[in-house]
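Undergrad: Dropping in protein_28.cif, with mmCIF, N, CA and C atoms.
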data_coords
loop_
_atom_site.group_PDB
_atom_site.id
_atom_site.type_symbol
_atom_site.label_atom_id
_atom_site.label_comp_id
_atom_site.auth_asym_id
_atom_site.auth_seq_id
_atom_site.Cartn_x
_atom_site.Cartn_y
_atom_site.Cartn_z
ATOM 1 N N ARG A 1025 -15.514 -20.390 -162.554
ATOM 2 C CA ARG A 1025 -14.487 -19.693 -163.283
ATOM 3 C C ARG A 1025 -14.801 -18.201 -163.356
ATOM 4 N N LYS A 1026 -16.011 -17.871 -163.712
ATOM 5 C CA LYS A 1026 -16.383 -16.465 -163.869
ATOM 6 C C LYS A 1026 -16.242 -15.716 -162.546
ATOM 7 N N ASP A 1027 -16.750 -16.297 -161.468
ATOM 8 C CA ASP A 1027 -16.663 -15.658 -160.163
ATOM 9 C C ASP A 1027 -15.218 -15.506 -159.698
ATOM 10 N N ALA A 1028 -14.338 -16.395 -160.162
ATOM 11 C CA ALA A 1028 -12.924 -16.341 -159.784
ATOM 12 C C ALA A 1028 -12.113 -15.441 -160.713
ATOM 13 N N GLY A 1029 -12.756 -14.861 -161.733
ATOM 14 C CA GLY A 1029 -12.057 -13.983 -162.657
ATOM 15 C C GLY A 1029 -11.214 -14.720 -163.681
ATOM 16 N N LEU A 1030 -11.552 -15.969 -163.966
ATOM 17 C CA LEU A 1030 -10.790 -16.771 -164.918
ATOM 18 C C LEU A 1030 -11.458 -16.798 -166.283
ATOM 19 N N ASP A 1031 -10.635 -16.863 -167.318
ATOM 20 C CA ASP A 1031 -11.133 -17.031 -168.671
ATOM 21 C C ASP A 1031 -11.400 -18.504 -168.926
ATOM 22 N N VAL A 1032 -12.253 -18.793 -169.902
ATOM 23 C CA VAL A 1032 -12.584 -20.175 -170.224
ATOM 24 C C VAL A 1032 -11.353 -20.940 -170.702
ATOM 25 N N SER A 1033 -10.367 -20.245 -171.235
ATOM 26 C CA SER A 1033 -9.163 -20.905 -171.742
ATOM 27 C C SER A 1033 -8.100 -21.145 -170.658
ATOM 28 N N ASP A 1034 -8.270 -20.551 -169.479
ATOM 29 C CA ASP A 1034 -7.291 -20.729 -168.397
ATOM 30 C C ASP A 1034 -7.296 -22.169 -167.908
ATOM 31 N N ARG A 1035 -6.121 -22.712 -167.702
ATOM 32 C CA ARG A 1035 -5.987 -24.040 -167.115
ATOM 33 C C ARG A 1035 -5.945 -23.874 -165.604
ATOM 34 N N ILE A 1036 -6.518 -24.829 -164.871
ATOM 35 C CA ILE A 1036 -6.680 -24.656 -163.442
ATOM 36 C C ILE A 1036 -6.225 -25.872 -162.645
ATOM 37 N N LEU A 1037 -6.004 -25.636 -161.364
ATOM 38 C CA LEU A 1037 -5.865 -26.678 -160.361
ATOM 39 C C LEU A 1037 -7.226 -26.735 -159.689
ATOM 40 N N LEU A 1038 -7.859 -27.893 -159.690
ATOM 41 C CA LEU A 1038 -9.188 -28.066 -159.112
ATOM 42 C C LEU A 1038 -9.079 -28.985 -157.903
ATOM 43 N N ARG A 1039 -9.499 -28.477 -156.741
ATOM 44 C CA ARG A 1039 -9.507 -29.266 -155.509
ATOM 45 C C ARG A 1039 -10.961 -29.483 -155.101
ATOM 46 N N LEU A 1040 -11.319 -30.735 -154.870
ATOM 47 C CA LEU A 1040 -12.661 -31.080 -154.445
ATOM 48 C C LEU A 1040 -12.570 -31.776 -153.092
ATOM 49 N N ASN A 1041 -13.144 -31.173 -152.082
ATOM 50 C CA ASN A 1041 -13.239 -31.781 -150.758
ATOM 51 C C ASN A 1041 -14.670 -32.286 -150.627
ATOM 52 N N VAL A 1042 -14.816 -33.579 -150.474
ATOM 53 C CA VAL A 1042 -16.140 -34.182 -150.566
ATOM 54 C C VAL A 1042 -16.353 -35.204 -149.449
ATOM 55 N N ASP A 1043 -17.601 -35.672 -149.338
ATOM 56 C CA ASP A 1043 -17.882 -36.760 -148.418
ATOM 57 C C ASP A 1043 -17.393 -38.069 -149.053
ATOM 58 N N ALA A 1044 -17.287 -39.120 -148.266
ATOM 59 C CA ALA A 1044 -16.708 -40.384 -148.726
ATOM 60 C C ALA A 1044 -17.462 -40.990 -149.909
ATOM 61 N N ASP A 1045 -18.784 -40.958 -149.889
ATOM 62 C CA ASP A 1045 -19.556 -41.542 -150.992
ATOM 63 C C ASP A 1045 -19.330 -40.788 -152.303
ATOM 64 N N SER A 1046 -19.270 -39.479 -152.230
ATOM 65 C CA SER A 1046 -19.038 -38.678 -153.432
ATOM 66 C C SER A 1046 -17.626 -38.896 -153.974
ATOM 67 N N ALA A 1047 -16.653 -39.131 -153.094
ATOM 68 C CA ALA A 1047 -15.275 -39.352 -153.522
ATOM 69 C C ALA A 1047 -15.181 -40.553 -154.448
ATOM 70 N N VAL A 1048 -15.905 -41.604 -154.145
ATOM 71 C CA VAL A 1048 -15.889 -42.802 -154.988
ATOM 72 C C VAL A 1048 -16.406 -42.472 -156.390
ATOM 73 N N ALA A 1049 -17.512 -41.753 -156.460
ATOM 74 C CA ALA A 1049 -18.094 -41.390 -157.758
ATOM 75 C C ALA A 1049 -17.168 -40.467 -158.542
ATOM 76 N N LEU A 1050 -16.562 -39.501 -157.876
ATOM 77 C CA LEU A 1050 -15.674 -38.560 -158.551
ATOM 78 C C LEU A 1050 -14.409 -39.241 -159.048
ATOM 79 N N GLU A 1051 -13.859 -40.145 -158.271
ATOM 80 C CA GLU A 1051 -12.670 -40.883 -158.711
ATOM 81 C C GLU A 1051 -12.974 -41.699 -159.962
ATOM 82 N N THR A 1052 -14.158 -42.260 -160.037
ATOM 83 C CA THR A 1052 -14.568 -43.042 -161.204
ATOM 84 C C THR A 1052 -14.566 -42.191 -162.470
ATOM 85 N N HIS A 1053 -14.896 -40.914 -162.321
ATOM 86 C CA HIS A 1053 -15.021 -40.012 -163.478
ATOM 87 C C HIS A 1053 -13.939 -38.937 -163.503
ATOM 88 N N ARG A 1054 -12.805 -39.222 -162.879
ATOM 89 C CA ARG A 1054 -11.703 -38.264 -162.745
ATOM 90 C C ARG A 1054 -11.280 -37.656 -164.086
ATOM 91 N N ALA A 1055 -11.017 -38.465 -165.087
ATOM 92 C CA ALA A 1055 -10.531 -37.971 -166.388
ATOM 93 C C ALA A 1055 -11.567 -37.072 -167.052
ATOM 94 N N PHE A 1056 -12.828 -37.448 -166.976
ATOM 95 C CA PHE A 1056 -13.896 -36.652 -167.574
ATOM 96 C C PHE A 1056 -13.999 -35.289 -166.884
ATOM 97 N N ILE A 1057 -13.973 -35.278 -165.568
ATOM 98 C CA ILE A 1057 -14.071 -34.026 -164.810
ATOM 99 C C ILE A 1057 -12.909 -33.101 -165.155
ATOM 100 N N ALA A 1058 -11.707 -33.629 -165.179
ATOM 101 C CA ALA A 1058 -10.528 -32.818 -165.504
ATOM 102 C C ALA A 1058 -10.629 -32.245 -166.912
ATOM 103 N N ALA A 1059 -11.047 -33.062 -167.865
ATOM 104 C CA ALA A 1059 -11.151 -32.593 -169.244
ATOM 105 C C ALA A 1059 -12.226 -31.520 -169.393
ATOM 106 N N GLU A 1060 -13.358 -31.700 -168.772
ATOM 107 C CA GLU A 1060 -14.464 -30.750 -168.903
ATOM 108 C C GLU A 1060 -14.208 -29.428 -168.192
ATOM 109 N N THR A 1061 -13.391 -29.441 -167.162
ATOM 110 C CA THR A 1061 -13.100 -28.221 -166.419
ATOM 111 C C THR A 1061 -11.777 -27.583 -166.828
ATOM 112 N N LEU A 1062 -11.071 -28.209 -167.768
ATOM 113 C CA LEU A 1062 -9.748 -27.761 -168.215
ATOM 114 C C LEU A 1062 -8.756 -27.723 -167.057
ATOM 115 N N ALA A 1063 -8.885 -28.688 -166.152
ATOM 116 C CA ALA A 1063 -7.985 -28.778 -165.001
ATOM 117 C C ALA A 1063 -6.746 -29.584 -165.375
ATOM 118 N N THR A 1064 -5.577 -28.996 -165.151
ATOM 119 C CA THR A 1064 -4.338 -29.731 -165.378
ATOM 120 C C THR A 1064 -4.010 -30.599 -164.168
ATOM 121 N N GLU A 1065 -4.577 -30.230 -163.020
ATOM 122 C CA GLU A 1065 -4.436 -31.031 -161.805
ATOM 123 C C GLU A 1065 -5.804 -31.133 -161.146
ATOM 124 N N LEU A 1066 -6.133 -32.326 -160.664
ATOM 125 C CA LEU A 1066 -7.394 -32.552 -159.965
ATOM 126 C C LEU A 1066 -7.105 -33.310 -158.682
ATOM 127 N N GLU A 1067 -7.450 -32.692 -157.562
ATOM 128 C CA GLU A 1067 -7.272 -33.325 -156.254
ATOM 129 C C GLU A 1067 -8.645 -33.603 -155.666
ATOM 130 N N ILE A 1068 -8.873 -34.843 -155.288
ATOM 131 C CA ILE A 1068 -10.137 -35.239 -154.672
ATOM 132 C C ILE A 1068 -9.820 -35.756 -153.275
ATOM 133 N N SER A 1069 -10.418 -35.135 -152.285
ATOM 134 C CA SER A 1069 -10.148 -35.500 -150.901
ATOM 135 C C SER A 1069 -11.461 -35.768 -150.170
ATOM 136 N N ALA A 1070 -11.575 -36.921 -149.536
ATOM 137 C CA ALA A 1070 -12.773 -37.286 -148.778
ATOM 138 C C ALA A 1070 -12.639 -36.777 -147.350
ATOM 139 N N THR A 1071 -12.764 -35.459 -147.191
ATOM 140 C CA THR A 1071 -12.563 -34.862 -145.872
ATOM 141 C C THR A 1071 -13.731 -34.024 -145.394
ATOM 142 N N CYS A 1072 -14.760 -33.863 -146.194
ATOM 143 C CA CYS A 1072 -15.892 -33.023 -145.804
ATOM 144 C C CYS A 1072 -16.831 -33.758 -144.864
ATOM 145 N N SER A 1073 -17.334 -33.012 -143.905
ATOM 146 C CA SER A 1073 -18.376 -33.561 -143.054
ATOM 147 C C SER A 1073 -19.582 -32.632 -142.996
ATOM 148 N N ALA A 1074 -19.395 -31.379 -143.376
ATOM 149 C CA ALA A 1074 -20.507 -30.428 -143.408
ATOM 150 C C ALA A 1074 -20.159 -29.296 -144.363
ATOM 151 N N SER A 1075 -21.166 -28.822 -145.078
ATOM 152 C CA SER A 1075 -20.940 -27.756 -146.047
ATOM 153 C C SER A 1075 -22.261 -27.113 -146.428
ATOM 154 N N ASP A 1076 -22.179 -25.937 -147.018
ATOM 155 C CA ASP A 1076 -23.373 -25.282 -147.533
ATOM 156 C C ASP A 1076 -23.813 -25.866 -148.861
ATOM 157 N N LEU A 1077 -22.916 -26.530 -149.582
ATOM 158 C CA LEU A 1077 -23.217 -27.059 -150.904
ATOM 159 C C LEU A 1077 -23.409 -28.563 -150.825
ATOM 160 N N THR A 1078 -24.606 -29.017 -151.111
ATOM 161 C CA THR A 1078 -24.867 -30.447 -151.108
ATOM 162 C C THR A 1078 -25.167 -30.914 -152.518
ATOM 163 N N VAL A 1079 -24.878 -32.186 -152.764
ATOM 164 C CA VAL A 1079 -25.116 -32.811 -154.062
ATOM 165 C C VAL A 1079 -26.076 -33.971 -153.835
ATOM 166 N N GLY A 1080 -27.188 -33.979 -154.549
ATOM 167 C CA GLY A 1080 -28.163 -35.039 -154.347
ATOM 168 C C GLY A 1080 -28.804 -34.921 -152.977
ATOM 169 N N ASP A 1081 -29.176 -36.057 -152.419
ATOM 170 C CA ASP A 1081 -29.845 -36.055 -151.121
ATOM 171 C C ASP A 1081 -28.894 -35.864 -149.953
ATOM 172 N N SER A 1082 -27.658 -36.361 -150.090
ATOM 173 C CA SER A 1082 -26.770 -36.313 -148.933
ATOM 174 C C SER A 1082 -25.313 -36.011 -149.257
ATOM 175 N N GLY A 1083 -24.947 -35.872 -150.523
ATOM 176 C CA GLY A 1083 -23.555 -35.622 -150.878
ATOM 177 C C GLY A 1083 -23.116 -34.214 -150.519
ATOM 178 N N ILE A 1084 -21.871 -34.078 -150.132
ATOM 179 C CA ILE A 1084 -21.312 -32.779 -149.742
ATOM 180 C C ILE A 1084 -20.052 -32.522 -150.557
ATOM 181 N N ILE A 1085 -19.907 -31.279 -151.054
ATOM 182 C CA ILE A 1085 -18.729 -30.956 -151.851
ATOM 183 C C ILE A 1085 -18.306 -29.515 -151.601
ATOM 184 N N GLU A 1086 -17.013 -29.294 -151.467
ATOM 185 C CA GLU A 1086 -16.410 -27.968 -151.414
ATOM 186 C C GLU A 1086 -15.467 -27.887 -152.606
ATOM 187 N N ILE A 1087 -15.543 -26.803 -153.348
ATOM 188 C CA ILE A 1087 -14.755 -26.660 -154.574
ATOM 189 C C ILE A 1087 -13.783 -25.504 -154.396
ATOM 190 N N GLU A 1088 -12.531 -25.755 -154.740
ATOM 191 C CA GLU A 1088 -11.503 -24.707 -154.740
ATOM 192 C C GLU A 1088 -10.783 -24.804 -156.076
ATOM 193 N N LEU A 1089 -10.594 -23.659 -156.728
ATOM 194 C CA LEU A 1089 -9.835 -23.686 -157.975
ATOM 195 C C LEU A 1089 -8.874 -22.517 -158.013
ATOM 196 N N SER A 1090 -7.775 -22.736 -158.708
ATOM 197 C CA SER A 1090 -6.788 -21.684 -158.877
ATOM 198 C C SER A 1090 -6.165 -21.807 -160.256
ATOM 199 N N LYS A 1091 -5.770 -20.678 -160.787
ATOM 200 C CA LYS A 1091 -5.166 -20.630 -162.117
ATOM 201 C C LYS A 1091 -3.777 -21.238 -162.069
ATOM 202 N N LYS A 1092 -3.459 -22.031 -163.081
ATOM 203 C CA LYS A 1092 -2.132 -22.652 -163.178
ATOM 204 C C LYS A 1092 -1.205 -21.750 -163.944
#
What is this file in structure tokens?
TA:
Amino acid sequence: RKDAGLDVSDRILLRLNVDADSAVALETHRAFIAAETLATELEISATCSASDLTVGDSGIIEIELSKK
């Protein structure tokens, strides 16, 4: 949020492009993630195959957010 110039009170559209294993975990916790990030929309797509940002030993995630 800070790097994107957003205030903590701004509502956002959050897009997560992840590997297939991470998509399952994120879908399980969809409501929690949306509430904690103040996202009015949350899109989770299992389309990543390589990225600079890894989660755990092998998870991959790309994050995109925009102000609503």
Undergrad: Starting from the shown file, work through the PyMOL selection byres ((chain A and resi 1063) around 7) and note down what comes out as a list in words.
TA: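 With the shown file as input, the PyMOL selection byres ((chain A and resi 1063) around 7) matches Asp1034, Arg1035, Ile1036, Leu1037, Leu1038, Ile1057, Ala1058, Ala1059, Glu1060, Thr1061, Leu1062, Thr1064, Glu1065 and Leu1066 of chain A.
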Undergrad: In Å, with one decimal, what is the gap from atom N of Ser1046 of chain A to atom N of Ile1068 of chain A?
TA: 11.8 Å
Undergrad: Select from chain A everything DSSP, run on the backbone, classes as alpha helix (DSSP H), then give the selection as a short mmCIF file (atom, residue, chain, number, x, y, z; two decimals) with N, CA and C atoms, keeping the file's coordinate frame.
TA:
data_model
loop_
_atom_site.label_atom_id
_atom_site.label_comp_id
_atom_site.auth_asym_id
_atom_site.auth_seq_id
_atom_site.Cartn_x
_atom_site.Cartn_y
_atom_site.Cartn_z
N ALA A 1044 -17.29 -39.12 -148.27
CA ALA A 1044 -16.71 -40.38 -148.73
C ALA A 1044 -17.46 -40.99 -149.91
N ASP A 1045 -18.78 -40.96 -149.89
CA ASP A 1045 -19.56 -41.54 -150.99
C ASP A 1045 -19.33 -40.79 -152.30
N SER A 1046 -19.27 -39.48 -152.23
CA SER A 1046 -19.04 -38.68 -153.43
C SER A 1046 -17.63 -38.90 -153.97
N ALA A 1047 -16.65 -39.13 -153.09
CA ALA A 1047 -15.28 -39.35 -153.52
C ALA A 1047 -15.18 -40.55 -154.45
N VAL A 1048 -15.90 -41.60 -154.15
CA VAL A 1048 -15.89 -42.80 -154.99
C VAL A 1048 -16.41 -42.47 -156.39
N ALA A 1049 -17.51 -41.75 -156.46
CA ALA A 1049 -18.09 -41.39 -157.76
C ALA A 1049 -17.17 -40.47 -158.54
N LEU A 1050 -16.56 -39.50 -157.88
CA LEU A 1050 -15.67 -38.56 -158.55
C LEU A 1050 -14.41 -39.24 -159.05
N GLU A 1051 -13.86 -40.15 -158.27
CA GLU A 1051 -12.67 -40.88 -158.71
C GLU A 1051 -12.97 -41.70 -159.96
N THR A 1052 -14.16 -42.26 -160.04
CA THR A 1052 -14.57 -43.04 -161.20
C THR A 1052 -14.57 -42.19 -162.47
N ARG A 1054 -12.80 -39.22 -162.88
CA ARG A 1054 -11.70 -38.26 -162.74
C ARG A 1054 -11.28 -37.66 -164.09
N ALA A 1055 -11.02 -38.47 -165.09
CA ALA A 1055 -10.53 -37.97 -166.39
C ALA A 1055 -11.57 -37.07 -167.05
N PHE A 1056 -12.83 -37.45 -166.98
CA PHE A 1056 -13.90 -36.65 -167.57
C PHE A 1056 -14.00 -35.29 -166.88
N ILE A 1057 -13.97 -35.28 -165.57
CA ILE A 1057 -14.07 -34.03 -164.81
C ILE A 1057 -12.91 -33.10 -165.16
N ALA A 1058 -11.71 -33.63 -165.18
CA ALA A 1058 -10.53 -32.82 -165.50
C ALA A 1058 -10.63 -32.24 -166.91
N ALA A 1059 -11.05 -33.06 -167.86
CA ALA A 1059 -11.15 -32.59 -169.24
C ALA A 1059 -12.23 -31.52 -169.39
N GLU A 1060 -13.36 -31.70 -168.77
CA GLU A 1060 -14.46 -30.75 -168.90
C GLU A 1060 -14.21 -29.43 -168.19
N THR A 1061 -13.39 -29.44 -167.16
CA THR A 1061 -13.10 -28.22 -166.42
C THR A 1061 -11.78 -27.58 -166.83
#
Undergrad: What is the distance, in Å and to one decimal place, between atom CA of Ile1084 of chain A and atom CA of Asp1043 of chain A?
TA: 5.4 Å
Undergrad: List every residue of chain A that DSSP, applied to the backbone of this structure, places in strand (DSSP E), and write the result as JSON, numbers by chain.
TA: {"A": [1036, 1037, 1038, 1039, 1040, 1041, 1042, 1063, 1064, 1065, 1066, 1067, 1068, 1069, 1078, 1079, 1083, 1084, 1085, 1086, 1087, 1088, 1089, 1090, 1091]}
Undergrad: Please supply segment 1035-1046 of chain A, rebuilt with all heavy atoms, as a short mmCIF file (atom, residue, chain, number, x, y, z; two decimals), in the coordinates of the input.
TA:
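Generated output (selection.cif):
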data_model
loop_
_atom_site.label_atom_id
_atom_site.label_comp_id
_atom_site.auth_asym_id
_atom_site.auth_seq_id
_atom_site.Cartn_x
_atom_site.Cartn_y
_atom_site.Cartn_z
N ARG A 1035 -6.12 -22.71 -167.70
CA ARG A 1035 -5.99 -24.04 -167.12
C ARG A 1035 -5.94 -23.87 -165.60
O ARG A 1035 -5.41 -22.88 -165.10
CB ARG A 1035 -4.72 -24.74 -167.61
CG ARG A 1035 -4.71 -24.98 -169.12
CD ARG A 1035 -5.95 -25.77 -169.54
NE ARG A 1035 -5.94 -26.12 -170.93
CZ ARG A 1035 -6.64 -25.52 -171.88
NH1 ARG A 1035 -7.41 -24.51 -171.59
NH2 ARG A 1035 -6.59 -25.94 -173.12
N ILE A 1036 -6.52 -24.83 -164.87
CA ILE A 1036 -6.68 -24.66 -163.44
C ILE A 1036 -6.22 -25.87 -162.65
O ILE A 1036 -6.09 -26.97 -163.17
CB ILE A 1036 -8.15 -24.37 -163.08
CG1 ILE A 1036 -9.05 -25.54 -163.50
CG2 ILE A 1036 -8.62 -23.06 -163.68
CD1 ILE A 1036 -10.46 -25.47 -162.96
N LEU A 1037 -6.00 -25.64 -161.36
CA LEU A 1037 -5.86 -26.68 -160.36
C LEU A 1037 -7.23 -26.74 -159.69
O LEU A 1037 -7.73 -25.72 -159.20
CB LEU A 1037 -4.79 -26.32 -159.34
CG LEU A 1037 -4.82 -27.07 -158.01
CD1 LEU A 1037 -4.65 -28.57 -158.22
CD2 LEU A 1037 -3.77 -26.55 -157.07
N LEU A 1038 -7.86 -27.89 -159.69
CA LEU A 1038 -9.19 -28.07 -159.11
C LEU A 1038 -9.08 -28.98 -157.90
O LEU A 1038 -8.58 -30.10 -158.01
CB LEU A 1038 -10.13 -28.67 -160.15
CG LEU A 1038 -11.57 -28.93 -159.74
CD1 LEU A 1038 -12.26 -27.63 -159.32
CD2 LEU A 1038 -12.33 -29.60 -160.87
N ARG A 1039 -9.50 -28.48 -156.74
CA ARG A 1039 -9.51 -29.27 -155.51
C ARG A 1039 -10.96 -29.48 -155.10
O ARG A 1039 -11.72 -28.52 -154.98
CB ARG A 1039 -8.78 -28.55 -154.38
CG ARG A 1039 -7.30 -28.47 -154.57
CD ARG A 1039 -6.64 -27.88 -153.31
NE ARG A 1039 -5.22 -27.75 -153.52
CZ ARG A 1039 -4.61 -26.60 -153.78
NH1 ARG A 1039 -5.30 -25.49 -153.83
NH2 ARG A 1039 -3.31 -26.57 -153.98
N LEU A 1040 -11.32 -30.74 -154.87
CA LEU A 1040 -12.66 -31.08 -154.44
C LEU A 1040 -12.57 -31.78 -153.09
O LEU A 1040 -11.95 -32.83 -152.97
CB LEU A 1040 -13.33 -32.01 -155.46
CG LEU A 1040 -13.42 -31.47 -156.90
CD1 LEU A 1040 -13.97 -32.54 -157.82
CD2 LEU A 1040 -14.26 -30.21 -156.96
N ASN A 1041 -13.14 -31.17 -152.08
CA ASN A 1041 -13.24 -31.78 -150.76
C ASN A 1041 -14.67 -32.29 -150.63
O ASN A 1041 -15.61 -31.49 -150.69
CB ASN A 1041 -12.92 -30.77 -149.65
CG ASN A 1041 -11.51 -30.26 -149.77
OD1 ASN A 1041 -10.59 -31.03 -149.99
ND2 ASN A 1041 -11.33 -28.96 -149.64
N VAL A 1042 -14.82 -33.58 -150.47
CA VAL A 1042 -16.14 -34.18 -150.57
C VAL A 1042 -16.35 -35.20 -149.45
O VAL A 1042 -15.42 -35.59 -148.75
CB VAL A 1042 -16.33 -34.88 -151.94
CG1 VAL A 1042 -16.19 -33.88 -153.07
CG2 VAL A 1042 -15.33 -36.00 -152.13
N ASP A 1043 -17.60 -35.67 -149.34
CA ASP A 1043 -17.88 -36.76 -148.42
C ASP A 1043 -17.39 -38.07 -149.05
O ASP A 1043 -17.09 -38.13 -150.24
CB ASP A 1043 -19.38 -36.82 -148.12
CG ASP A 1043 -20.20 -37.08 -149.36
OD1 ASP A 1043 -20.38 -36.13 -150.15
OD2 ASP A 1043 -20.62 -38.23 -149.55
N ALA A 1044 -17.29 -39.12 -148.27
CA ALA A 1044 -16.71 -40.38 -148.73
C ALA A 1044 -17.46 -40.99 -149.91
O ALA A 1044 -16.84 -41.49 -150.85
CB ALA A 1044 -16.65 -41.38 -147.57
N ASP A 1045 -18.78 -40.96 -149.89
CA ASP A 1045 -19.56 -41.54 -150.99
C ASP A 1045 -19.33 -40.79 -152.30
O ASP A 1045 -19.20 -41.39 -153.36
CB ASP A 1045 -21.05 -41.57 -150.66
CG ASP A 1045 -21.38 -42.56 -149.55
OD1 ASP A 1045 -20.61 -43.52 -149.35
OD2 ASP A 1045 -22.41 -42.35 -148.87
N SER A 1046 -19.27 -39.48 -152.23
CA SER A 1046 -19.04 -38.68 -153.43
C SER A 1046 -17.63 -38.90 -153.97
O SER A 1046 -17.41 -38.86 -155.18
CB SER A 1046 -19.25 -37.20 -153.14
OG SER A 1046 -20.60 -36.94 -152.79
#
